[in-house]
Structures are given as C-alpha cells and as structure tokens.
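Please read the structure below before turning to the comments.
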Amino acid sequence: MTKSLWLVLAFLCALPIVVPASARAAGRCGHHTWCDARLSPDARAQLLLAALTDAEKISLLGGDDIRGVAGGDHAHTGTGRGVPRVDLPTTLYSDGPLGPRQGRTTALPSPSALAATFRPALAFSAGSVVANEVKSKGNDVVFAPTVNIMRNPLNGRTFEGYGEDPYLDARLTVPWIRGAQAQGVIADVKHYAANNQEGIDPSGRSGLPGVPLGAGTIGSRYTSNSIVDERTLREIYLPQFEAAVKSGHVGTVMCSYNLVNGQQACENKHLLQQILEREWGFRGYVLADYGAAHNTVPQLKNGLDFEPWPGVSYGPAAVTPPVLAGQVSRATVDGHVLRILRTLFAHRFFDRAAFRDDDEQIDRRRHARAVQRIEESAITLLKNRRSALPLVPHRGFKSVAIIGAGADRFVTGGGSGNVKPFSYETPREVITRLAARRHLRVTYDDGSDPERASAVARRAHVAIVLTPNYETEGADRLCLTLECPNAYGDQDGLIRSVAAANRNTVVVLETGGPVLTPWRNQIRALVEAWYPGQSGGGAIARVLFGDAEPGGRLPMTFPRAEGDTPTAGDPAKYPGIGNDVTYKEGVLVGYRWFDAKRIAPAFPFGFGLSYSRFRYSALRLRGNTVAFTVRNVGRRAGSDVSQLYVSIPRPRAGEVEPPHQLKAFQAVHLRRGQARQLRLRLDSRSFAYWSTRAGRWSVARGCFGISVGRSSRDLPLRGVIAKGGAHCRTRR
Ligand code: BGC
C-alpha cells in the first residue's frame, strides 16, 4: 500500500462516526451511532448502553416524579429519567384503561362493557382512542389494559377488567394492545399476576365516590399472598398475559402488588424469568405497580426492570451499594437497562419528536362517536317480557317516567381507572329528546324518595329506572347488592316501589359488574349498560327506543345469591386467612364453577337477548373447524354472538375439568330472514390442559364435546371431536 493510501485510511478512521442523514429518522436522537434507524433495536440499544456511565445506567431504573400519580391537568402519572448528556429523553407514563388520567378526556365505557361486546375490532378501537389521547397529552406509555380475571365479583376493580373468562379476555387484550401501539404509544398489560382482590374496608367509607382510592385492609392487595396451583395459573390467570406478549407484542408488563405463592410478584422468579422471559420470550420491560417494589436485590436478580413510582427501591441509593459490593453484577444492571432501551427503540421513541401535551390535537367528535359505538354494542338485554323493549309508542303508550340516580349523571368507577369526561349527555337528556320525536310525554324523578318516585311512575305508561353502583380500586364491595357501597341510596327499594306502581317497569343497570337482581321477576325488562362512558346517554336512549341493537352478552355470570359465587363461604378463599388467599376453587372460576356445581345463575355467562331471534343449525365438524348456520328468524335486523364451548375430557381420574369452556366466538349482524354459515377454527390450545407433571400444555386422548349456541347455558348444537385416535360417538 502506498503511503498516500495509508494517509487517506488513517484520516478516515480518525473521523468521528457520523450517521448519514438519510439513515437518521426525523426525531430527537441526535447524531449518535445508535441513531441509525437501519440498525435493529437490539443493536441500537447496545450502542447506547455502551455510551452510558454506571451511574447513568442505574439512574434509568427508577422513576423520578412522585406527584403525577395524583392526576390532574398536565400531570403525567409517571416519569422515567432521561440522560440529557446523550440525548436520551424523559419517558412519560399515564393511566389507564378507560382513558388518560390527566385532566379531561374522552371517557370510555368500562372495560367490562368492552368485554360484553365480544367484538375484538371494538377493542382495537378502544385501544386506539385511549392511546391517541394519552399521546396527545404528551405520554409515551399507557398503563393499560387491565386483564386480571374476575375471580370474585366483589372485587372493586371488576369494572376495569374483561370478566371471568381467559379466552374472551385474551381475544380483547390483543387487539386493544395493537390499537394502542399502532398509535406509537407503548402499552402496559397489568397486573401480573393473580391480583384478584383489593381488600375489605370494614367501615365501607373509603370506597365511596369522591374518595380517590379505597383502603381495603383485610385481604389487602398490598399484602395478600395468592396461593394458586400451577395448572390454575396457566389455564385461568395467565393466558391473557401470554397472548399480550406473544400476539400483542406488548412493550411493557406491570407486576402486581400481591405475592404469588409466597414471593412478591415483582421479584417472582417463576413468573418473571421462567414464564415471561424464557417461555413466552418477552422482549419488553417489566415495571412495578405503584409501591409494589420492595426488595432491591431479589428484584434486580429476578426480573424487575423499572420502578416508576416512587423510585425508591430502584433509586440510586438502593441500587448502587449492592452493585459495588458485588451482590448484583453490572451485567445484571446492563440487562435491565438494555430491555428498557430496546423497547424504546422498537417503538420509535427516539425517532420522532416528543409527543406534545395539547388537548387541541384530539378529535373529540370522532372519539365520542367511537365510544358510543362501543357502548351500543356492550349494552346487554337481560330480560324483555312481552317485548317491552324497544319502546314503540302506540295508543296505550303515550308517556314515560325517567327515574333514578343513574338517570341524570355521569356514572363510572374509581381509582386509577377513573376518568373525567370532556363532555357528556345524560340518559335523561337523550331519552327526553328521542321521546319528544315520538310525541311521548316525559316526567323525571331522581329516585331519592321512593314514594314520590312511585307516584311519578304511576302516572306514566312506562317507567324507566336507571340505577348505578360504585366500584373502585383499593377496596372491594362488602356485598353484591346495589347498596354496596351505599353511594346512591336504596336502589333495590326504589326498583321494588316503582315496579309495584307501574307494571311496565324497565330497569337499566349502570354497574361495573354483577349485582344481585332480587326484583327481576317484578319488572318487564332489564338492561345492563355497565359504566357507559361519556356517550352512554345516547347509547342507552338509542337502544331503549330500538334505534340501536342491544349488542352485548355477559362476560361474567350474574349470580342469584352471593353465596353461590366460587369464593363465597370460605375465608381461606376470600378474603384470606392472615395474608394467605387460597385459590381452592382452582380452575372452576366463573361459569366453570356454576356449571360444575350445577348452580343456576340469575343470568349466565354469554347471555344477552337481541331484539330479534336467531336459530342455529347444520353443525359440521371437519378437523378442527366447526361450521354451522345462524339464521335471523325474528322480525327485524339484529346481532347475535355465536359461542363455541369445548368439553375437555378428564385427563386422569381425580383431575377436575370444567364441564365446558369458551374457545371461539363470532358476533354477526343479520337482516331479517338472513342466514350465514360461520366457520370457527380451533387451535391445539383449544383442546389442551396444563399438565403440571409434564410442565407443558397437553392434549388428552379422548372425545371432546363441541357445543355451539347463544350462551354458556343455551347450546343447541352438539358434536364430538376425537383426539389421539379415540373412538367416539358422533353426537353427545
Ligand atoms: C394501580 C395501577 C395504576 C397505578 C398508577 C396503582 O395503584 O394498581 O393500575 O396504573 O396505580 O396510577
């Protein structure tokens, strides 16, 4: 090589490495090597990691703003430090599943309502709306969705989750996350895992509207230890997290307050390392619920990456000493930082401008329409004697009385899922408007005095009673009636008085989950509207008048009596003895319990009436595909949710198997007289049980019952699929 060539080469090597402008994404990354958008998120994270000092790396593990959690305008729920020296920006976090908890927002129907739609496309839409607003308020990460199973309907967070079935839960979780992450926001699936109660506040006072957070002390989420066997974990409490990771590619997972089988969830080696990381291949980062991180060293060793608040157990003062003492290796710290950085790179955090906190960016009208569509598809018609609904004025029907505490206010739940709507119209306002168009006279009573209310009801042809309940994070309800907690007065008494005064009484529940309905035989129609969100008034009114179909089906069983639920009557199950909450019912959660124990519910899982009627026929099984025909045999267009349940044979004597489990569903809208053939495909997991002995999903040899119909208790089509060479009769 000539001397001049050497000189040229030496000159080139001495140049600082600058990424060509064409390779840099338009963002705030700067001119560093890791800003080359052609590199993989892994490679970029490695480059940035190498540029950080030890102190900077440690500073990334803990959050640094403790005030945001209180909520309010422009207050981010959480903050992750940046490193200005290397142009690493601050990361901003916001709650939550019903909308950002940061000033006013488009208030979504409760996730329990979303679950009632049985429509994954609407979950995508809900995730998009929430994340779009989270981003428009300047945040990078949203603490949602909440996917914990409703083990016990008393749970104060029932409204925030997707009900009692892991398959339905997973089918909604995945599109919610996709919808959110398509907005460029990182989703955070929570709370991992077996976080199924808040605790009992014997005074009942902390769980009332206006109190930011309940304070359950008996069986408290902060101290309880969920004792749950491996099979139950895998089959009931984890599938929705697994789907969030494997199919939703969720960016972050929030570990929960409680212990699981004796070890804090945020330092639980089995949950975080064995299952989440090794088995499911999670590549994002694990962050702790607020105050759920306690012990620095086991957390560092077992898989917690970030503590958003209060950033104490992962603050520099807590992390530096064990690292210097060699108790925790530098490589371990690097591993956590790498996960955080890789996730940020994967979600283009560096390659875009910071999201601006400015509500003007929000398309409020579009979002209001989207949440109304969700609510209309969520409203669940539980009873409709003599076709009392929809309300169609005729000679004997000229007036309607609107009654009750839920008629003229915005109803929702409390805690981190609490949202303040941009605007809302109450059911009373919209019912009055739609009634006027039909020349109906409308009267109103707030229901606070049952005698006065029944006088109003007596003078009208139809009485509509709208009754809310209150559920909140932090405290469970003390009982399952509408009066627990007593936030809105004696609603059951009100319904009884009105029903006694008017035989055409329609009750509209605005509850986050199951309540007792002891008066259900005294009324004409019963509608569950859930926490209906800011467009709920319009949705409820449109459904009552038949301008929209009641699209919902129950994502959780409504029991006849409180003692019928899987966790009732045994303090070891709930609220626990000492701190131990033993999941003795195992896999028999929700309808699995009611069906196995042959307990008749008030309204079963999957149930909901349409204004039309549907007939099922022509079941055909080919391989793992189940085909059948649904026909609208009613007098108007309507929607149906066809449900497919699989009965898994007992793998071994002594092993408990639920009588049947939901494994597929499909919502369809059909014109009057229209028929559609549906094909629902099952996968191998649909037939599998978790074999604790083998440590994996297994399919037993045997005959698997296939049932198709309109609820867990109404399954007119039956067939059998053989597995493992078993000889089966073709019909059950
Ligand atoms: C809740 C989380 C929430 C966090 C921040 C906690 O109390 O359990 O769901 O995201 O607070 O508000």
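Identifiers in the structure tokens: chain A, B, ... in order shown; residue index from 1 per chain; ligand index from 1 in order shown.
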
Pick out each residue of region 47-260 of chain A that DSSP on the backbone tags as strand (DSSP E or B); I need them as an mmCIF file with N, CA and C atoms, in the first residue's frame.
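Now in out_15.cif:
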data_model
loop_
_atom_site.group_PDB
_atom_site.id
_atom_site.type_symbol
_atom_site.label_atom_id
_atom_site.label_comp_id
_atom_site.auth_asym_id
_atom_site.auth_seq_id
_atom_site.Cartn_x
_atom_site.Cartn_y
_atom_site.Cartn_z
ATOM 1 N N GLY A 62 -35.185 3.794 38.101
ATOM 2 C CA GLY A 62 -36.246 4.283 38.987
ATOM 3 C C GLY A 62 -36.868 5.565 38.465
ATOM 4 N N GLY A 63 -38.159 5.719 38.674
ATOM 5 C CA GLY A 63 -38.863 6.934 38.247
ATOM 6 C C GLY A 63 -38.485 8.103 39.137
ATOM 7 N N GLY A 78 -46.545 9.032 35.625
ATOM 8 C CA GLY A 78 -45.197 8.575 35.960
ATOM 9 C C GLY A 78 -44.166 9.192 35.026
ATOM 10 N N THR A 79 -42.925 9.179 35.491
ATOM 11 C CA THR A 79 -41.827 9.782 34.720
ATOM 12 C C THR A 79 -40.590 8.898 34.841
ATOM 13 N N GLY A 80 -39.975 8.590 33.724
ATOM 14 C CA GLY A 80 -38.693 7.887 33.755
ATOM 15 C C GLY A 80 -37.603 8.868 33.352
ATOM 16 N N VAL A 83 -31.301 10.959 30.024
ATOM 17 C CA VAL A 83 -29.897 11.315 30.239
ATOM 18 C C VAL A 83 -29.563 12.381 29.189
ATOM 19 N N LEU A 88 -30.860 11.247 25.626
ATOM 20 C CA LEU A 88 -31.898 10.262 25.961
ATOM 21 C C LEU A 88 -33.018 11.001 26.689
ATOM 22 N N THR A 91 -39.071 9.675 29.766
ATOM 23 C CA THR A 91 -40.224 8.878 29.327
ATOM 24 C C THR A 91 -41.411 9.227 30.214
ATOM 25 N N LEU A 92 -42.573 9.430 29.590
ATOM 26 C CA LEU A 92 -43.741 9.845 30.374
ATOM 27 C C LEU A 92 -44.847 8.794 30.290
ATOM 28 N N TYR A 93 -45.478 8.564 31.426
ATOM 29 C CA TYR A 93 -46.442 7.468 31.583
ATOM 30 C C TYR A 93 -47.795 8.015 32.009
ATOM 31 N N SER A 94 -48.867 7.361 31.545
ATOM 32 C CA SER A 94 -50.200 7.750 32.015
ATOM 33 C C SER A 94 -51.093 6.527 32.211
ATOM 34 N N ASP A 95 -51.966 6.563 33.222
ATOM 35 C CA ASP A 95 -53.095 5.629 33.268
ATOM 36 C C ASP A 95 -53.988 6.002 32.107
ATOM 37 N N ARG A 104 -59.215 16.358 31.615
ATOM 38 C CA ARG A 104 -60.412 15.804 30.965
ATOM 39 C C ARG A 104 -60.024 14.966 29.757
ATOM 40 N N THR A 105 -60.918 14.073 29.401
ATOM 41 C CA THR A 105 -60.581 13.089 28.385
ATOM 42 C C THR A 105 -61.868 12.531 27.778
ATOM 43 N N LYS A 137 -51.648 13.957 25.144
ATOM 44 C CA LYS A 137 -51.352 14.597 26.420
ATOM 45 C C LYS A 137 -49.871 14.417 26.766
ATOM 46 N N VAL A 141 -46.143 6.036 27.294
ATOM 47 C CA VAL A 141 -46.582 4.700 27.731
ATOM 48 C C VAL A 141 -47.949 4.834 28.391
ATOM 49 N N VAL A 142 -48.830 3.856 28.149
ATOM 50 C CA VAL A 142 -50.130 3.862 28.838
ATOM 51 C C VAL A 142 -50.230 2.635 29.743
ATOM 52 N N PHE A 143 -50.601 2.865 30.996
ATOM 53 C CA PHE A 143 -50.763 1.776 31.955
ATOM 54 C C PHE A 143 -52.099 1.069 31.702
ATOM 55 N N THR A 146 -55.997 -3.511 31.738
ATOM 56 C CA THR A 146 -56.103 -4.342 32.929
ATOM 57 C C THR A 146 -56.741 -5.653 32.508
ATOM 58 N N ILE A 186 -46.625 2.973 23.877
ATOM 59 C CA ILE A 186 -46.278 1.642 24.388
ATOM 60 C C ILE A 186 -47.344 1.220 25.396
ATOM 61 N N ALA A 187 -47.926 0.049 25.201
ATOM 62 C CA ALA A 187 -48.953 -0.431 26.139
ATOM 63 C C ALA A 187 -48.283 -1.138 27.316
ATOM 64 N N ASP A 188 -49.056 -1.251 28.391
ATOM 65 C CA ASP A 188 -48.545 -1.889 29.606
ATOM 66 C C ASP A 188 -49.620 -2.823 30.141
ATOM 67 N N VAL A 189 -49.467 -4.109 29.912
ATOM 68 C CA VAL A 189 -50.503 -5.042 30.347
ATOM 69 C C VAL A 189 -50.334 -5.272 31.851
ATOM 70 N N LYS A 190 -51.468 -5.225 32.584
ATOM 71 C CA LYS A 190 -51.364 -5.266 34.041
ATOM 72 C C LYS A 190 -52.497 -6.063 34.646
ATOM 73 N N HIS A 191 -52.410 -6.595 35.830
ATOM 74 C CA HIS A 191 -51.323 -6.562 36.805
ATOM 75 C C HIS A 191 -50.879 -8.002 36.964
ATOM 76 N N TYR A 192 -49.618 -8.257 36.698
ATOM 77 C CA TYR A 192 -49.054 -9.599 36.588
ATOM 78 C C TYR A 192 -48.530 -10.037 37.945
ATOM 79 N N ILE A 200 -60.852 -5.670 51.974
ATOM 80 C CA ILE A 200 -62.101 -5.200 52.586
ATOM 81 C C ILE A 200 -61.814 -4.034 53.519
ATOM 82 N N ILE A 218 -58.419 -5.679 55.042
ATOM 83 C CA ILE A 218 -58.473 -7.129 55.275
ATOM 84 C C ILE A 218 -58.358 -7.819 53.920
ATOM 85 N N ASN A 225 -51.189 -12.821 49.742
ATOM 86 C CA ASN A 225 -50.364 -13.815 49.061
ATOM 87 C C ASN A 225 -51.307 -14.775 48.343
ATOM 88 N N SER A 226 -51.345 -14.703 47.018
ATOM 89 C CA SER A 226 -52.246 -15.573 46.254
ATOM 90 C C SER A 226 -51.619 -16.956 46.150
ATOM 91 N N ILE A 227 -52.263 -17.918 46.794
ATOM 92 C CA ILE A 227 -51.741 -19.287 46.725
ATOM 93 C C ILE A 227 -52.531 -20.009 45.645
ATOM 94 N N THR A 252 -44.585 -3.343 27.559
ATOM 95 C CA THR A 252 -44.257 -3.468 28.983
ATOM 96 C C THR A 252 -45.318 -4.287 29.715
ATOM 97 N N VAL A 253 -44.884 -4.856 30.831
ATOM 98 C CA VAL A 253 -45.770 -5.641 31.707
ATOM 99 C C VAL A 253 -45.647 -5.045 33.099
ATOM 100 N N MET A 254 -46.785 -4.824 33.767
ATOM 101 C CA MET A 254 -46.743 -4.303 35.134
ATOM 102 C C MET A 254 -46.906 -5.459 36.120
ATOM 103 N N CYS A 255 -45.905 -5.627 36.990
ATOM 104 C CA CYS A 255 -46.055 -6.659 38.024
ATOM 105 C C CYS A 255 -46.883 -6.087 39.172
ATOM 106 N N LEU A 259 -48.240 -10.980 46.613
ATOM 107 C CA LEU A 259 -47.291 -12.076 46.467
ATOM 108 C C LEU A 259 -47.995 -13.199 45.708
ATOM 109 N N VAL A 260 -47.221 -14.008 45.035
ATOM 110 C CA VAL A 260 -47.779 -15.189 44.380
ATOM 111 C C VAL A 260 -46.998 -16.389 44.903
#

Please identify the residues whose atoms come within 10 Å of ligand 1, using only C-alpha atoms and all ligand atoms, and report them as a PyMOL selection string. chain A and resi 68-71+76-78+93-97+101+142-146+157+160+188-191+195+198+213+221-222+254-257+288-292+308-309+415-418+473-474

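Once Thr217 (chain A) and its same-chain neighbours fewer than 2 positions away are set aside, Gln197, Glu198, Gly199, Ile200, Asp201, Pro202, Ser203, Gly204, Ser206, Gly207, Gly214, Ala215, Gly219, Ser220, Arg221, Tyr222, Thr223, Ser224, Gly474, Ala475, Asp476, Pro575, Gly576, Gly578 and Asn579 of chain A remain within 12 Å of it when counting only C-alpha atoms.
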
Print the selection's residues with N, CA, C and O atoms to a file, as an mmCIF file, in the first residue's frame.
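Saved the output as again.cif:
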data_model
loop_
_atom_site.group_PDB
_atom_site.id
_atom_site.type_symbol
_atom_site.label_atom_id
_atom_site.label_comp_id
_atom_site.auth_asym_id
_atom_site.auth_seq_id
_atom_site.Cartn_x
_atom_site.Cartn_y
_atom_site.Cartn_z
ATOM 1 N N GLN A 197 -58.013 -9.301 44.085
ATOM 2 C CA GLN A 197 -58.840 -8.638 45.093
ATOM 3 C C GLN A 197 -58.127 -7.386 45.568
ATOM 4 O O GLN A 197 -56.908 -7.266 45.463
ATOM 5 N N GLU A 198 -58.934 -6.468 46.081
ATOM 6 C CA GLU A 198 -58.385 -5.205 46.582
ATOM 7 C C GLU A 198 -58.301 -5.206 48.106
ATOM 8 O O GLU A 198 -57.433 -4.575 48.688
ATOM 9 N N GLY A 199 -59.234 -5.924 48.745
ATOM 10 C CA GLY A 199 -59.267 -5.966 50.205
ATOM 11 C C GLY A 199 -60.530 -5.319 50.742
ATOM 12 O O GLY A 199 -61.180 -4.521 50.060
ATOM 13 N N ILE A 200 -60.852 -5.670 51.974
ATOM 14 C CA ILE A 200 -62.101 -5.200 52.586
ATOM 15 C C ILE A 200 -61.814 -4.034 53.519
ATOM 16 O O ILE A 200 -60.922 -4.108 54.374
ATOM 17 N N ASP A 201 -62.571 -2.973 53.334
ATOM 18 C CA ASP A 201 -62.543 -1.864 54.290
ATOM 19 C C ASP A 201 -63.821 -2.008 55.124
ATOM 20 O O ASP A 201 -64.907 -1.693 54.638
ATOM 21 N N PRO A 202 -63.697 -2.500 56.376
ATOM 22 C CA PRO A 202 -64.918 -2.794 57.134
ATOM 23 C C PRO A 202 -65.807 -1.567 57.318
ATOM 24 O O PRO A 202 -67.020 -1.700 57.410
ATOM 25 N N SER A 203 -65.224 -0.374 57.327
ATOM 26 C CA SER A 203 -66.052 0.824 57.511
ATOM 27 C C SER A 203 -66.862 1.121 56.248
ATOM 28 O O SER A 203 -67.872 1.809 56.294
ATOM 29 N N GLY A 204 -66.411 0.622 55.117
ATOM 30 C CA GLY A 204 -67.100 0.860 53.847
ATOM 31 C C GLY A 204 -66.961 2.291 53.352
ATOM 32 O O GLY A 204 -67.436 2.630 52.285
ATOM 33 N N SER A 206 -64.150 4.161 52.641
ATOM 34 C CA SER A 206 -63.096 4.573 51.709
ATOM 35 C C SER A 206 -63.455 4.251 50.260
ATOM 36 O O SER A 206 -62.833 4.748 49.340
ATOM 37 N N GLY A 207 -64.458 3.410 50.073
ATOM 38 C CA GLY A 207 -64.799 3.015 48.704
ATOM 39 C C GLY A 207 -65.961 3.783 48.134
ATOM 40 O O GLY A 207 -66.729 3.243 47.351
ATOM 41 N N GLY A 214 -59.884 3.440 47.352
ATOM 42 C CA GLY A 214 -60.355 2.707 48.518
ATOM 43 C C GLY A 214 -59.177 2.254 49.371
ATOM 44 O O GLY A 214 -58.038 2.218 48.908
ATOM 45 N N ALA A 215 -59.469 1.899 50.621
ATOM 46 C CA ALA A 215 -58.397 1.460 51.525
ATOM 47 C C ALA A 215 -58.793 0.147 52.182
ATOM 48 O O ALA A 215 -59.051 0.084 53.386
ATOM 49 N N GLY A 219 -57.350 -8.647 53.786
ATOM 50 C CA GLY A 219 -57.101 -9.269 52.480
ATOM 51 C C GLY A 219 -56.605 -8.245 51.484
ATOM 52 O O GLY A 219 -56.881 -8.333 50.283
ATOM 53 N N SER A 220 -55.856 -7.262 51.970
ATOM 54 C CA SER A 220 -55.423 -6.149 51.126
ATOM 55 C C SER A 220 -54.511 -6.589 49.976
ATOM 56 O O SER A 220 -53.657 -7.459 50.137
ATOM 57 N N ARG A 221 -54.671 -5.952 48.846
ATOM 58 C CA ARG A 221 -53.827 -6.265 47.676
ATOM 59 C C ARG A 221 -52.359 -6.017 47.949
ATOM 60 O O ARG A 221 -51.489 -6.586 47.301
ATOM 61 N N TYR A 222 -52.086 -5.128 48.899
ATOM 62 C CA TYR A 222 -50.691 -4.769 49.160
ATOM 63 C C TYR A 222 -49.937 -5.866 49.908
ATOM 64 O O TYR A 222 -48.715 -5.912 49.869
ATOM 65 N N THR A 223 -50.685 -6.695 50.628
ATOM 66 C CA THR A 223 -50.001 -7.687 51.473
ATOM 67 C C THR A 223 -50.433 -9.122 51.205
ATOM 68 O O THR A 223 -49.818 -10.054 51.716
ATOM 69 N N SER A 224 -51.489 -9.311 50.420
ATOM 70 C CA SER A 224 -52.015 -10.674 50.303
ATOM 71 C C SER A 224 -51.108 -11.541 49.434
ATOM 72 O O SER A 224 -50.397 -11.067 48.549
ATOM 73 N N GLY A 474 -58.822 -0.292 45.172
ATOM 74 C CA GLY A 474 -58.393 -0.083 46.558
ATOM 75 C C GLY A 474 -59.274 -0.747 47.587
ATOM 76 O O GLY A 474 -58.817 -1.059 48.679
ATOM 77 N N ALA A 475 -60.554 -0.953 47.246
ATOM 78 C CA ALA A 475 -61.444 -1.619 48.201
ATOM 79 C C ALA A 475 -62.454 -2.472 47.451
ATOM 80 O O ALA A 475 -62.969 -2.060 46.404
ATOM 81 N N ASP A 476 -62.729 -3.648 47.995
ATOM 82 C CA ASP A 476 -63.767 -4.486 47.411
ATOM 83 C C ASP A 476 -65.125 -4.023 47.922
ATOM 84 O O ASP A 476 -65.215 -3.294 48.909
ATOM 85 N N PRO A 575 -61.723 -13.383 52.363
ATOM 86 C CA PRO A 575 -60.609 -12.523 51.936
ATOM 87 C C PRO A 575 -59.231 -13.095 52.251
ATOM 88 O O PRO A 575 -58.223 -12.418 52.039
ATOM 89 N N GLY A 576 -59.197 -14.365 52.718
ATOM 90 C CA GLY A 576 -57.913 -14.953 53.081
ATOM 91 C C GLY A 576 -57.768 -15.051 54.594
ATOM 92 O O GLY A 576 -58.476 -14.383 55.343
ATOM 93 N N GLY A 578 -54.996 -14.621 57.561
ATOM 94 C CA GLY A 578 -53.705 -13.940 57.616
ATOM 95 C C GLY A 578 -53.554 -13.262 56.269
ATOM 96 O O GLY A 578 -54.486 -12.623 55.779
ATOM 97 N N ASN A 579 -52.434 -13.463 55.631
ATOM 98 C CA ASN A 579 -52.278 -12.873 54.295
ATOM 99 C C ASN A 579 -52.549 -13.870 53.171
ATOM 100 O O ASN A 579 -52.507 -13.513 52.001
#

Shortest interatomic distance to Leu644 (chain A) - which of A:Tyr488, A:Pro321, A:Tyr167, A:Tyr583, counting only C-alpha atoms: A:Tyr167

CA of Val130 (chain A) and CA of Ile379 (chain A), how far apart in Å? 20.4 Å

Quick one: everything within 9 Å of Asp334 (chain A), counting only C-alpha atoms, minus sequence neighbours fewer than 5 positions away in the same chain. Send it as a VMD selection string. chain A and resid 49 54 57 to 58 329 339

Of the listed residues A:His669, A:Arg366, A:Arg520, A:Arg477, that which approaches Phe558 (chain A) most closely, counting only C-alpha atoms: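 That would be A:Arg520, the residue with the smallest distance to Phe558 (chain A).
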
Find the residues near Val626 (chain A): any atom within 6 Å, counting only C-alpha atoms, skip ones fewer than 6 places away on the same chain, and give them as JSON, numbers by chain. {"A": [620, 679, 680]}
